[in-house]
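Next comes start39.cif, a file with mmCIF, C-alpha atoms.
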data_final
loop_
_atom_site.group_PDB
_atom_site.id
_atom_site.type_symbol
_atom_site.label_atom_id
_atom_site.label_comp_id
_atom_site.auth_asym_id
_atom_site.auth_seq_id
_atom_site.Cartn_x
_atom_site.Cartn_y
_atom_site.Cartn_z
ATOM 1 C CA MET A 1 0.000 0.000 0.000
ATOM 2 C CA PRO A 2 1.384 3.433 -0.913
ATOM 3 C CA THR A 3 1.618 6.135 1.687
ATOM 4 C CA TYR A 4 0.783 9.751 0.967
ATOM 5 C CA ASP A 5 2.501 13.114 1.066
ATOM 6 C CA LEU A 6 0.003 15.982 0.869
ATOM 7 C CA ILE A 7 1.399 19.194 -0.612
ATOM 8 C CA GLY A 8 -0.021 22.682 -0.183
ATOM 9 C CA ASP A 9 -0.595 25.567 -2.622
ATOM 10 C CA ILE A 10 2.361 25.939 -5.025
ATOM 11 C CA HIS A 11 1.375 29.019 -7.090
ATOM 12 C CA GLY A 12 4.071 28.697 -9.714
ATOM 13 C CA HIS A 13 6.982 28.079 -7.344
ATOM 14 C CA ALA A 14 8.497 25.100 -9.150
ATOM 15 C CA ASN A 15 11.942 25.430 -7.562
ATOM 16 C CA GLU A 16 10.485 25.087 -4.074
ATOM 17 C CA LEU A 17 8.325 22.190 -5.269
ATOM 18 C CA LYS A 18 11.351 20.304 -6.619
ATOM 19 C CA LEU A 19 13.266 20.842 -3.387
ATOM 20 C CA LEU A 20 10.293 19.680 -1.332
ATOM 21 C CA LEU A 21 9.783 16.534 -3.406
ATOM 22 C CA GLU A 22 13.456 15.633 -3.048
ATOM 23 C CA LYS A 23 13.277 16.164 0.731
ATOM 24 C CA LEU A 24 10.293 13.794 0.758
ATOM 25 C CA GLY A 25 12.291 11.094 -1.040
ATOM 26 C CA TYR A 26 11.103 11.519 -4.639
ATOM 27 C CA THR A 27 13.660 11.193 -7.447
ATOM 28 C CA PRO A 28 13.668 13.380 -10.598
ATOM 29 C CA LYS A 29 12.778 11.491 -13.770
ATOM 30 C CA GLY A 30 12.359 13.681 -16.858
ATOM 31 C CA LYS A 31 9.750 16.290 -15.953
ATOM 32 C CA SER A 32 8.393 14.026 -13.230
ATOM 33 C CA PHE A 33 9.399 12.839 -9.758
ATOM 34 C CA VAL A 34 9.016 9.218 -8.699
ATOM 35 C CA ASN A 35 8.959 7.150 -5.533
ATOM 36 C CA PRO A 36 7.948 3.481 -5.752
ATOM 37 C CA SER A 37 6.322 3.432 -2.302
ATOM 38 C CA ARG A 38 4.891 6.967 -1.931
ATOM 39 C CA THR A 39 2.182 9.023 -3.650
ATOM 40 C CA ALA A 40 2.000 12.822 -3.598
ATOM 41 C CA ILE A 41 -1.352 14.564 -3.321
ATOM 42 C CA PHE A 42 -1.499 18.129 -4.620
ATOM 43 C CA ILE A 43 -4.338 20.161 -3.132
ATOM 44 C CA GLY A 44 -4.761 22.840 -5.803
ATOM 45 C CA ASP A 45 -3.609 26.343 -6.750
ATOM 46 C CA TYR A 46 -0.733 25.474 -9.078
ATOM 47 C CA ILE A 47 -1.000 28.650 -11.160
ATOM 48 C CA ASP A 48 -0.916 32.473 -10.783
ATOM 49 C CA ARG A 49 1.405 34.581 -8.584
ATOM 50 C CA GLY A 50 4.739 32.804 -9.151
ATOM 51 C CA LEU A 51 6.960 32.907 -12.253
ATOM 52 C CA GLN A 52 7.379 29.150 -12.854
ATOM 53 C CA ILE A 53 3.776 28.288 -13.598
ATOM 54 C CA LYS A 54 4.409 26.206 -16.708
ATOM 55 C CA GLU A 55 7.082 24.086 -14.999
ATOM 56 C CA THR A 56 4.851 23.648 -11.949
ATOM 57 C CA LEU A 57 1.994 22.342 -14.080
ATOM 58 C CA GLU A 58 4.341 20.059 -16.011
ATOM 59 C CA ILE A 59 5.628 18.499 -12.786
ATOM 60 C CA VAL A 60 2.150 18.013 -11.321
ATOM 61 C CA ARG A 61 0.674 16.620 -14.524
ATOM 62 C CA SER A 62 3.589 14.274 -15.262
ATOM 63 C CA MET A 63 3.423 12.884 -11.731
ATOM 64 C CA VAL A 64 -0.333 12.346 -12.033
ATOM 65 C CA ASP A 65 0.004 10.729 -15.478
ATOM 66 C CA SER A 66 2.753 8.379 -14.250
ATOM 67 C CA GLY A 67 0.782 7.319 -11.171
ATOM 68 C CA ASN A 68 3.082 9.071 -8.709
ATOM 69 C CA ALA A 69 0.542 11.676 -7.633
ATOM 70 C CA LEU A 70 -3.089 12.657 -7.307
ATOM 71 C CA ALA A 71 -4.206 16.251 -7.814
ATOM 72 C CA ILE A 72 -7.362 18.245 -7.166
ATOM 73 C CA MET A 73 -8.618 21.599 -8.389
ATOM 74 C CA GLY A 74 -8.058 24.835 -6.506
ATOM 75 C CA ASN A 75 -9.986 28.059 -6.829
ATOM 76 C CA HIS A 76 -7.285 29.509 -9.108
ATOM 77 C CA GLU A 77 -7.687 26.619 -11.556
ATOM 78 C CA PHE A 78 -11.465 26.994 -11.379
ATOM 79 C CA ASN A 79 -11.191 30.739 -12.014
ATOM 80 C CA ALA A 80 -8.816 30.150 -14.928
ATOM 81 C CA ILE A 81 -11.261 27.739 -16.574
ATOM 82 C CA CYS A 82 -14.143 30.195 -16.245
ATOM 83 C CA TYR A 83 -11.908 33.029 -17.478
ATOM 84 C CA HIS A 84 -11.234 30.938 -20.595
ATOM 85 C CA LEU A 85 -14.728 29.607 -21.375
ATOM 86 C CA PRO A 86 -17.120 31.791 -23.446
ATOM 87 C CA ASP A 87 -20.485 32.717 -21.951
ATOM 88 C CA GLY A 88 -22.332 32.569 -25.291
ATOM 89 C CA LYS A 89 -23.008 36.309 -25.160
ATOM 90 C CA GLY A 90 -19.723 37.616 -26.501
ATOM 91 C CA GLY A 91 -17.961 37.496 -23.145
ATOM 92 C CA PHE A 92 -16.612 34.875 -20.764
ATOM 93 C CA LEU A 93 -17.942 33.036 -17.725
ATOM 94 C CA ARG A 94 -15.434 35.000 -15.619
ATOM 95 C CA LYS A 95 -15.127 38.626 -16.718
ATOM 96 C CA HIS A 96 -11.825 39.872 -18.157
ATOM 97 C CA THR A 97 -11.729 43.033 -16.106
ATOM 98 C CA GLY A 98 -10.140 44.558 -13.034
ATOM 99 C CA MET A 99 -8.887 42.212 -10.337
ATOM 100 C CA ASN A 100 -9.714 39.119 -12.433
ATOM 101 C CA ALA A 101 -7.356 40.153 -15.215
ATOM 102 C CA LYS A 102 -4.650 41.279 -12.798
ATOM 103 C CA ASN A 103 -4.666 38.011 -10.835
ATOM 104 C CA HIS A 104 -4.480 35.847 -13.951
ATOM 105 C CA GLN A 105 -2.042 37.724 -16.194
ATOM 106 C CA THR A 106 1.123 35.998 -14.949
ATOM 107 C CA THR A 107 -0.351 32.653 -15.942
ATOM 108 C CA LEU A 108 -1.448 33.839 -19.382
ATOM 109 C CA ASN A 109 2.029 35.250 -20.015
ATOM 110 C CA SER A 110 3.494 31.780 -19.448
ATOM 111 C CA PHE A 111 1.803 30.079 -22.416
ATOM 112 C CA SER A 112 0.936 30.516 -26.047
ATOM 113 C CA GLN A 113 -2.797 30.467 -26.739
ATOM 114 C CA THR A 114 -2.588 26.977 -28.240
ATOM 115 C CA GLU A 115 -0.684 25.675 -25.228
ATOM 116 C CA TRP A 116 -3.174 27.214 -22.789
ATOM 117 C CA ASP A 117 -6.135 25.748 -24.687
ATOM 118 C CA GLU A 118 -4.674 22.294 -24.058
ATOM 119 C CA TRP A 119 -3.922 22.982 -20.397
ATOM 120 C CA ILE A 120 -7.500 24.145 -19.824
ATOM 121 C CA LYS A 121 -8.722 20.745 -21.031
ATOM 122 C CA TRP A 122 -6.478 19.065 -18.469
ATOM 123 C CA LEU A 123 -7.566 21.388 -15.661
ATOM 124 C CA MET A 124 -11.206 20.523 -16.389
ATOM 125 C CA ARG A 125 -10.381 16.887 -15.613
ATOM 126 C CA LEU A 126 -9.169 17.643 -12.086
ATOM 127 C CA PRO A 127 -11.533 16.467 -9.338
ATOM 128 C CA ILE A 128 -12.730 18.958 -6.744
ATOM 129 C CA THR A 129 -12.559 16.503 -3.828
ATOM 130 C CA LEU A 130 -10.799 13.274 -2.889
ATOM 131 C CA GLU A 131 -12.333 10.878 -0.391
ATOM 132 C CA LEU A 132 -9.884 8.209 0.729
ATOM 133 C CA PRO A 133 -10.373 5.593 3.464
ATOM 134 C CA GLU A 134 -8.103 7.387 5.936
ATOM 135 C CA PHE A 135 -8.789 11.063 5.106
ATOM 136 C CA ASN A 136 -10.477 13.579 2.813
ATOM 137 C CA VAL A 137 -8.956 16.287 0.620
ATOM 138 C CA VAL A 138 -10.474 19.536 -0.665
ATOM 139 C CA HIS A 139 -8.989 22.886 -1.542
ATOM 140 C CA ALA A 140 -10.812 25.129 0.949
ATOM 141 C CA CYS A 141 -13.701 23.568 2.913
ATOM 142 C CA TRP A 142 -15.067 20.053 3.399
ATOM 143 C CA ASP A 143 -18.821 20.537 3.427
ATOM 144 C CA LYS A 144 -20.571 17.196 2.934
ATOM 145 C CA LYS A 145 -23.936 18.760 2.138
ATOM 146 C CA MET A 146 -22.421 20.805 -0.683
ATOM 147 C CA ILE A 147 -20.446 17.805 -1.939
ATOM 148 C CA ASP A 148 -23.572 15.637 -2.009
ATOM 149 C CA PHE A 149 -25.477 18.365 -3.882
ATOM 150 C CA LEU A 150 -22.756 18.581 -6.548
ATOM 151 C CA ASP A 151 -22.191 14.815 -6.730
ATOM 152 C CA PRO A 152 -23.899 14.363 -10.156
ATOM 153 C CA TRP A 153 -21.203 16.679 -11.541
ATOM 154 C CA LEU A 154 -18.275 15.689 -9.333
ATOM 155 C CA SER A 155 -18.678 11.988 -10.096
ATOM 156 C CA GLN A 156 -18.012 12.598 -13.802
ATOM 157 C CA ARG A 157 -14.522 11.995 -15.188
ATOM 158 C CA GLU A 158 -14.374 15.520 -16.570
ATOM 159 C CA LEU A 159 -16.384 18.536 -15.461
ATOM 160 C CA PRO A 160 -18.426 19.658 -18.483
ATOM 161 C CA TYR A 161 -19.033 23.179 -19.757
ATOM 162 C CA GLU A 162 -22.542 23.173 -18.282
ATOM 163 C CA PHE A 163 -21.122 22.781 -14.770
ATOM 164 C CA PHE A 164 -18.984 25.881 -15.156
ATOM 165 C CA ARG A 165 -21.867 27.782 -16.732
ATOM 166 C CA LEU A 166 -24.157 27.027 -13.798
ATOM 167 C CA THR A 167 -21.483 27.874 -11.240
ATOM 168 C CA SER A 168 -21.025 31.267 -12.906
ATOM 169 C CA ILE A 169 -24.647 32.323 -12.374
ATOM 170 C CA PRO A 170 -24.712 34.685 -9.369
ATOM 171 C CA LYS A 171 -26.380 33.154 -6.293
ATOM 172 C CA SER A 172 -27.168 29.860 -8.045
ATOM 173 C CA LYS A 173 -27.048 26.784 -5.828
ATOM 174 C CA GLU A 174 -24.189 25.485 -7.962
ATOM 175 C CA MET A 175 -22.183 28.687 -7.475
ATOM 176 C CA ILE A 176 -22.755 28.735 -3.715
ATOM 177 C CA ALA A 177 -21.754 25.085 -3.305
ATOM 178 C CA THR A 178 -18.660 25.348 -5.500
ATOM 179 C CA GLU A 179 -17.455 28.543 -3.840
ATOM 180 C CA ILE A 180 -17.739 26.961 -0.395
ATOM 181 C CA LEU A 181 -15.638 23.968 -1.467
ATOM 182 C CA LEU A 182 -13.016 25.930 -3.419
ATOM 183 C CA LYS A 183 -12.981 29.335 -1.693
ATOM 184 C CA GLY A 184 -14.399 28.603 1.738
ATOM 185 C CA PRO A 185 -17.486 29.976 3.487
ATOM 186 C CA GLU A 186 -17.605 33.715 4.171
ATOM 187 C CA LEU A 187 -19.568 36.035 6.434
ATOM 188 C CA PRO A 188 -20.955 39.336 5.113
ATOM 189 C CA LEU A 189 -19.803 42.596 6.696
ATOM 190 C CA ILE A 190 -21.625 45.891 7.083
ATOM 191 C CA SER A 191 -18.674 47.885 5.728
ATOM 192 C CA LYS A 192 -15.787 46.965 3.451
ATOM 193 C CA TYR A 193 -12.156 46.335 4.352
ATOM 194 C CA ILE A 194 -8.871 45.924 2.467
ATOM 195 C CA ASP A 195 -7.477 42.368 2.520
ATOM 196 C CA ILE A 196 -3.817 41.340 2.710
ATOM 197 C CA GLU A 197 -3.487 41.575 -1.084
ATOM 198 C CA GLY A 198 -4.906 45.104 -1.248
ATOM 199 C CA ASN A 199 -8.332 44.065 -2.563
ATOM 200 C CA GLU A 200 -11.527 45.636 -1.229
ATOM 201 C CA ARG A 201 -13.913 43.085 0.276
ATOM 202 C CA ASP A 202 -17.291 43.089 1.984
ATOM 203 C CA LYS A 203 -17.108 39.483 3.203
ATOM 204 C CA VAL A 204 -14.619 37.744 5.463
ATOM 205 C CA ARG A 205 -13.277 34.209 5.496
ATOM 206 C CA PHE A 206 -13.403 32.414 8.826
ATOM 207 C CA LYS A 207 -12.068 29.269 10.469
ATOM 208 C CA TRP A 208 -14.873 26.889 9.558
ATOM 209 C CA TRP A 209 -13.020 23.963 11.180
ATOM 210 C CA ILE A 210 -13.517 25.150 14.771
ATOM 211 C CA ASP A 211 -16.670 25.596 16.836
ATOM 212 C CA PRO A 212 -17.326 29.354 16.804
ATOM 213 C CA ILE A 213 -19.915 29.439 19.610
ATOM 214 C CA GLY A 214 -19.305 32.455 21.826
ATOM 215 C CA LYS A 215 -16.312 33.697 19.816
ATOM 216 C CA PRO A 216 -16.119 37.181 18.264
ATOM 217 C CA LEU A 217 -15.424 37.418 14.558
ATOM 218 C CA LYS A 218 -11.916 38.797 15.202
ATOM 219 C CA ASP A 219 -10.895 35.449 16.745
ATOM 220 C CA ILE A 220 -12.025 33.260 13.853
ATOM 221 C CA SER A 221 -11.525 35.516 10.813
ATOM 222 C CA ILE A 222 -8.724 34.757 8.344
ATOM 223 C CA SER A 223 -6.489 37.030 6.246
ATOM 224 C CA VAL A 224 -7.693 40.216 7.891
ATOM 225 C CA SER A 225 -5.071 42.711 9.078
ATOM 226 C CA ASP A 226 -5.161 44.235 12.550
ATOM 227 C CA GLN A 227 -5.682 47.596 10.877
ATOM 228 C CA ALA A 228 -8.793 46.342 9.084
ATOM 229 C CA LYS A 229 -10.129 44.839 12.320
ATOM 230 C CA ALA A 230 -9.594 48.140 14.131
ATOM 231 C CA HIS A 231 -11.311 50.075 11.334
ATOM 232 C CA ASN A 232 -14.301 47.725 11.532
ATOM 233 C CA GLU A 233 -14.077 47.209 15.291
ATOM 234 C CA PHE A 234 -17.804 46.783 15.946
ATOM 235 C CA GLN A 235 -18.194 44.018 13.376
ATOM 236 C CA PHE A 236 -15.132 42.076 14.496
ATOM 237 C CA GLU A 237 -15.957 42.364 18.203
ATOM 238 C CA TYR A 238 -19.501 41.086 17.719
ATOM 239 C CA PRO A 239 -20.142 37.308 18.169
ATOM 240 C CA ILE A 240 -20.839 35.558 14.907
ATOM 241 C CA PRO A 241 -24.400 34.369 14.126
ATOM 242 C CA SER A 242 -25.456 31.197 15.923
ATOM 243 C CA HIS A 243 -26.592 29.496 12.705
ATOM 244 C CA ILE A 244 -22.938 29.256 11.637
ATOM 245 C CA SER A 245 -22.151 26.923 14.545
ATOM 246 C CA ASN A 246 -21.779 23.177 13.991
ATOM 247 C CA THR A 247 -22.332 23.430 10.248
ATOM 248 C CA TRP A 248 -19.544 20.981 9.376
ATOM 249 C CA ASP A 249 -19.618 17.456 10.687
ATOM 250 C CA ILE A 250 -16.074 16.153 10.185
ATOM 251 C CA LYS A 251 -15.768 12.406 10.755
ATOM 252 C CA LYS A 252 -12.143 11.913 9.677
ATOM 253 C CA PRO A 253 -9.125 14.116 8.930
ATOM 254 C CA VAL A 254 -9.487 16.755 6.233
ATOM 255 C CA PHE A 255 -6.489 18.260 4.433
ATOM 256 C CA PHE A 256 -6.906 21.554 2.603
ATOM 257 C CA GLY A 257 -5.019 24.699 1.550
ATOM 258 C CA HIS A 258 -6.143 28.138 0.422
ATOM 259 C CA TYR A 259 -5.839 30.221 3.589
ATOM 260 C CA TRP A 260 -2.365 31.842 3.447
ATOM 261 C CA LEU A 261 -1.362 30.864 6.972
ATOM 262 C CA GLU A 262 1.919 32.011 8.501
ATOM 263 C CA GLY A 263 4.480 30.560 10.902
ATOM 264 C CA ASP A 264 5.173 26.892 11.464
ATOM 265 C CA PRO A 265 2.600 24.341 10.221
ATOM 266 C CA ILE A 266 0.326 22.731 12.791
ATOM 267 C CA TRP A 267 -2.924 20.803 12.928
ATOM 268 C CA ASN A 268 -5.667 23.432 13.086
ATOM 269 C CA SER A 269 -8.007 21.164 15.011
ATOM 270 C CA GLU A 270 -8.321 17.474 15.808
ATOM 271 C CA TYR A 271 -9.526 16.669 12.287
ATOM 272 C CA ALA A 272 -8.450 19.649 10.149
ATOM 273 C CA CYS A 273 -5.052 20.462 8.667
ATOM 274 C CA CYS A 274 -4.356 23.441 6.391
ATOM 275 C CA LEU A 275 -1.203 23.128 4.274
ATOM 276 C CA ASP A 276 -1.091 26.594 2.679
ATOM 277 C CA TYR A 277 1.687 28.594 4.326
ATOM 278 C CA SER A 278 2.067 31.386 1.775
ATOM 279 C CA VAL A 279 4.975 30.225 -0.394
ATOM 280 C CA ALA A 280 3.922 32.948 -2.872
ATOM 281 C CA LYS A 281 4.286 35.586 -0.143
ATOM 282 C CA ASN A 282 7.745 34.761 1.247
ATOM 283 C CA GLY A 283 6.362 31.906 3.335
ATOM 284 C CA LYS A 284 6.786 28.132 3.065
ATOM 285 C CA LEU A 285 5.773 25.314 0.771
ATOM 286 C CA VAL A 286 4.466 22.634 3.135
ATOM 287 C CA ALA A 287 3.834 18.889 2.958
ATOM 288 C CA TYR A 288 2.374 16.457 5.471
ATOM 289 C CA SER A 289 3.324 12.762 5.364
ATOM 290 C CA ILE A 290 0.596 10.412 6.534
ATOM 291 C CA ASP A 291 2.855 7.570 7.688
ATOM 292 C CA SER A 292 5.323 9.618 9.749
ATOM 293 C CA LYS A 293 2.752 12.245 10.806
ATOM 294 C CA LYS A 294 5.387 14.833 9.966
ATOM 295 C CA PHE A 295 5.382 18.244 8.290
ATOM 296 C CA THR A 296 8.146 18.991 5.772
ATOM 297 C CA CYS A 297 8.809 22.576 4.637
ATOM 298 C CA VAL A 298 10.816 24.518 2.071
ATOM 299 C CA ASP A 299 11.180 28.282 2.487
ATOM 300 C CA SER A 300 10.217 30.577 -0.369
ATOM 301 C CA HIS A 301 13.225 31.658 -2.431
ATOM 302 C CA TYR A 302 11.669 34.877 -3.756
#

Rewrite the coordinates I just gave you, this time as C-alpha cells.
Amino acid sequence: MPTYDLIGDIHGHANELKLLLEKLGYTPKGKSFVNPSRTAIFIGDYIDRGLQIKETLEIVRSMVDSGNALAIMGNHEFNAICYHLPDGKGGFLRKHTGMNAKNHQTTLNSFSQTEWDEWIKWLMRLPITLELPEFNVVHACWDKKMIDFLDPWLSQRELPYEFFRLTSIPKSKEMIATEILLKGPELPLISKYIDIEGNERDKVRFKWWIDPIGKPLKDISISVSDQAKAHNEFQFEYPIPSHISNTWDIKKPVFFGHYWLEGDPIWNSEYACCLDYSVAKNGKLVAYSIDSKKFTCVDSHY
C-alpha cells in the first residue's frame, strides 16, 4: 500500500516544489518525480502569482500521469477555466476586467494560446474533492452537504461546460456550493475592508473547522489585518451568528489549503489540517506525510 505526502498551494513556485519533493524522497525522472512506495497529493492552486507556472503544471501533470501523484482543483484553476470559457453572449464566464485580469495575467504570459487551450482541457479533468479511506482532501472547505449536492457533476470523469456555466450564475445553488468547497465559506460585513493583497472586500473568510460558539469574529476571521479589524471594530468584536455553529460534521481528517497561513505548520483542530503557508508571499511550501505524521517545509526563495 502506498503512503501519501500531501502538498499545499504551489502558485508557480516550481523550484520550491522540486526541493520539497526531493526532501520527501522523490527522485527526478524527466519532468516528473518518482517514488515506488509513496504518492503525492497536490491540493490545488498550481498557477498564478509565481513565475514558474508552466514548470509547476508540467511536474504536477507528469506525476499524475505516471501514477506518482493525485491532484485536485483549486480556486485559481477553477477561475482560470471560467476566465477561458465563453459565456455565449460575446464574453466569458469570468469577466476579463479589473482584479480578475490582474490576478491571472502571470499565468497567461506563461503560455501561447494553443498551449493554454490544451492545459485548460487538463484542468477541467481535475476532481474537486478526494475521499480516501483514511482522510479527505479539498482545496478550501469540506462541506458534505455541498459535496452531495454537486455529486452528479463531481462523479463525472471531466467537469463539463454546463457545470462551469451554472457555477457562474450569481447566487445559483451550484455557485454557492462550489465557492464553499473551493474558496471557503464567508460572512458578510456591514462595511468593506482591504485584505492582505490590497483588494476591497465586503465578506470575510473564517475558520470553519472550529466551533465558533461564543467567539467574536476577530478570533475566527482569516487574512484580515489588525488595521482592518480596528477600522471595523464593531463588526469584528460582535459574536458571529449562531446558525454558523456546527455546520460541518467532520468524521475523519481533512487536508486543505487556500488560507495563506503564517508561521510553522500545525494541525488546526483534531480533524483539520491546512497546508497553505504562503509560499507565494515569502512563506513556506508545506507537505504532510501520513505515515510519519510529519510536516516537511521549504522556504520561499523569492

Run through the PyMOL selection byres ((chain A and resi 124-132) around 8) on the given coordinates and return the selected residues as a PDB file with C-alpha atoms, in the coordinates of the input.
ATOM      1  CA  ALA A  71      -4.206  16.251  -7.814  1.00  0.00           C
ATOM      2  CA  ILE A  72      -7.362  18.245  -7.166  1.00  0.00           C
ATOM      3  CA  MET A  73      -8.618  21.599  -8.389  1.00  0.00           C
ATOM      4  CA  GLY A  74      -8.058  24.835  -6.506  1.00  0.00           C
ATOM      5  CA  ILE A  81     -11.261  27.739 -16.574  1.00  0.00           C
ATOM      6  CA  ILE A 120      -7.500  24.145 -19.824  1.00  0.00           C
ATOM      7  CA  LYS A 121      -8.722  20.745 -21.031  1.00  0.00           C
ATOM      8  CA  TRP A 122      -6.478  19.065 -18.469  1.00  0.00           C
ATOM      9  CA  LEU A 123      -7.566  21.388 -15.661  1.00  0.00           C
ATOM     10  CA  PRO A 133     -10.373   5.593   3.464  1.00  0.00           C
ATOM     11  CA  GLU A 134      -8.103   7.387   5.936  1.00  0.00           C
ATOM     12  CA  PHE A 135      -8.789  11.063   5.106  1.00  0.00           C
ATOM     13  CA  ASN A 136     -10.477  13.579   2.813  1.00  0.00           C
ATOM     14  CA  VAL A 137      -8.956  16.287   0.620  1.00  0.00           C
ATOM     15  CA  VAL A 138     -10.474  19.536  -0.665  1.00  0.00           C
ATOM     16  CA  HIS A 139      -8.989  22.886  -1.542  1.00  0.00           C
ATOM     17  CA  LEU A 154     -18.275  15.689  -9.333  1.00  0.00           C
ATOM     18  CA  ARG A 157     -14.522  11.995 -15.188  1.00  0.00           C
ATOM     19  CA  GLU A 158     -14.374  15.520 -16.570  1.00  0.00           C
ATOM     20  CA  LEU A 159     -16.384  18.536 -15.461  1.00  0.00           C
ATOM     21  CA  PRO A 160     -18.426  19.658 -18.483  1.00  0.00           C
ATOM     22  CA  LEU A 181     -15.638  23.968  -1.467  1.00  0.00           C
ATOM     23  CA  LEU A 182     -13.016  25.930  -3.419  1.00  0.00           C
TER      24      LEU A 182
END

Give the centre and edge lengths of an axis-aligned box, in Å to one decimal, that holds all listed atoms of region 257-271 of chain A with 8 Å on each side, as JSON.
{"center_x": -2.2, "center_y": 24.3, "center_z": 8.1, "size_x": 30.7, "size_y": 31.3, "size_z": 31.4}

Task: Using all atoms listed in the file: which of A:Lys95, A:Arg49, A:Lys31, A:Arg205 has the shortest distance to His11 (chain A) - done: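 Nearest to His11 (chain A): A:Arg49.
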
Task: Pick from A:Asp291, A:Glu58, A:Asp219, A:Asp143, whichever lies nearest to Glu237 (chain A) using only C-alpha atoms - done: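 Result for the nearest residue to Glu237 (chain A): A:Asp219.
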
At a cut-off of 12 Å, using only C-alpha atoms, what residues contact Glu22 (chain A)? Leave out same-chain residues fewer than 2 positions from it and give the result as a short mmCIF file (atom, residue, chain, number, x, y, z; two decimals) with C-alpha atoms, in the frame of the given file.
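After the write, around14.cif holds the following:
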data_model
loop_
_atom_site.label_atom_id
_atom_site.label_comp_id
_atom_site.auth_asym_id
_atom_site.auth_seq_id
_atom_site.Cartn_x
_atom_site.Cartn_y
_atom_site.Cartn_z
CA ASP A 5 2.50 13.11 1.07
CA ASN A 15 11.94 25.43 -7.56
CA GLU A 16 10.48 25.09 -4.07
CA LEU A 17 8.32 22.19 -5.27
CA LYS A 18 11.35 20.30 -6.62
CA LEU A 19 13.27 20.84 -3.39
CA LEU A 20 10.29 19.68 -1.33
CA LEU A 24 10.29 13.79 0.76
CA GLY A 25 12.29 11.09 -1.04
CA TYR A 26 11.10 11.52 -4.64
CA THR A 27 13.66 11.19 -7.45
CA PRO A 28 13.67 13.38 -10.60
CA LYS A 29 12.78 11.49 -13.77
CA SER A 32 8.39 14.03 -13.23
CA PHE A 33 9.40 12.84 -9.76
CA VAL A 34 9.02 9.22 -8.70
CA ASN A 35 8.96 7.15 -5.53
CA ALA A 40 2.00 12.82 -3.60
CA ALA A 287 3.83 18.89 2.96
CA THR A 296 8.15 18.99 5.77
CA CYS A 297 8.81 22.58 4.64
CA VAL A 298 10.82 24.52 2.07
#

- [ ] Would you work out the distance separating CA of Ile240 (chain A) from CA of Leu217 (chain A), expressed in Å to one decimal?
- [x]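 Going from CA of Ile240 (chain A) over to CA of Leu217 (chain A) covers 5.7 Å.
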
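Nearest residue to Gly44 (chain A), choosing from A:Ala140, A:Ala14, A:Leu150, A:Ile176 and counting all atoms listed in the file: A:Ala140.
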
Open item on the list: Restricting the calculation to all atoms listed in the file: of A:Tyr83, A:Phe295, A:Trp142, A:Phe206, which residue gets closest to Asn100 (chain A)?
Closed with: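 Looking only at the distances to Asn100 (chain A), the closest residue turns out to be A:Tyr83.
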
Open item on the list: So, with only C-alpha atoms as the atoms that count, which of A:His84, A:Lys203, A:Gly214, A:Gly283 lies closest to Ser191 (chain A)?
Closed with: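 Nearest candidate to Ser191 (chain A) out of A:His84, A:Lys203, A:Gly214, A:Gly283: A:Lys203.
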
- [ ] Go through A:Gly30, A:Ile210, A:Leu70, A:Phe78 one by one, measure the shortest atom-to-atom distance of each to Met175 (chain A) using all atoms listed in the file, and give the residue with the smallest value.
- [x] A:Phe78

Suppose a student applies the PyMOL selection byres ((chain A and resi 269-279) around 6) to this structure; what residues should they get, written as a PDB file with C-alpha atoms, in the coordinates of the input?
ATOM      1  CA  GLY A   8      -0.021  22.682  -0.183  1.00  0.00           C
ATOM      2  CA  ASP A   9      -0.595  25.567  -2.622  1.00  0.00           C
ATOM      3  CA  PRO A 253      -9.125  14.116   8.930  1.00  0.00           C
ATOM      4  CA  VAL A 254      -9.487  16.755   6.233  1.00  0.00           C
ATOM      5  CA  PHE A 255      -6.489  18.260   4.433  1.00  0.00           C
ATOM      6  CA  PHE A 256      -6.906  21.554   2.603  1.00  0.00           C
ATOM      7  CA  GLY A 257      -5.019  24.699   1.550  1.00  0.00           C
ATOM      8  CA  HIS A 258      -6.143  28.138   0.422  1.00  0.00           C
ATOM      9  CA  TRP A 260      -2.365  31.842   3.447  1.00  0.00           C
ATOM     10  CA  LEU A 261      -1.362  30.864   6.972  1.00  0.00           C
ATOM     11  CA  GLU A 262       1.919  32.011   8.501  1.00  0.00           C
ATOM     12  CA  TRP A 267      -2.924  20.803  12.928  1.00  0.00           C
ATOM     13  CA  ASN A 268      -5.667  23.432  13.086  1.00  0.00           C
ATOM     14  CA  ALA A 280       3.922  32.948  -2.872  1.00  0.00           C
ATOM     15  CA  LYS A 281       4.286  35.586  -0.143  1.00  0.00           C
ATOM     16  CA  ASN A 282       7.745  34.761   1.247  1.00  0.00           C
ATOM     17  CA  GLY A 283       6.362  31.906   3.335  1.00  0.00           C
ATOM     18  CA  LYS A 284       6.786  28.132   3.065  1.00  0.00           C
ATOM     19  CA  LEU A 285       5.773  25.314   0.771  1.00  0.00           C
ATOM     20  CA  VAL A 286       4.466  22.634   3.135  1.00  0.00           C
ATOM     21  CA  SER A 300      10.217  30.577  -0.369  1.00  0.00           C
TER      22      SER A 300
END

TODO: Could you jot down the CA of Cys82 (chain A) to CA of Pro188 (chain A) separation for me, Å, one decimal place?
DONE: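 Interatomic distance, CA of Cys82 (chain A) to CA of Pro188 (chain A): 24.2 Å.
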
TODO: One decimal, Å: what's the distance from CA of Phe149 (chain A) over to CA of Lys173 (chain A), could you say?
DONE: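 Straight-line distance from CA of Phe149 (chain A) to CA of Lys173 (chain A) works out to 8.8 Å.
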
- [ ] Do a neighbour search on Ser37 (chain A) at 8 Å with only C-alpha atoms, toss out local chain neighbours closer than 2 positions, and write the hits as a list in words.
- [x]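 Those residues are Met1, Pro2, Thr3, Asn35 and Thr39 of chain A.
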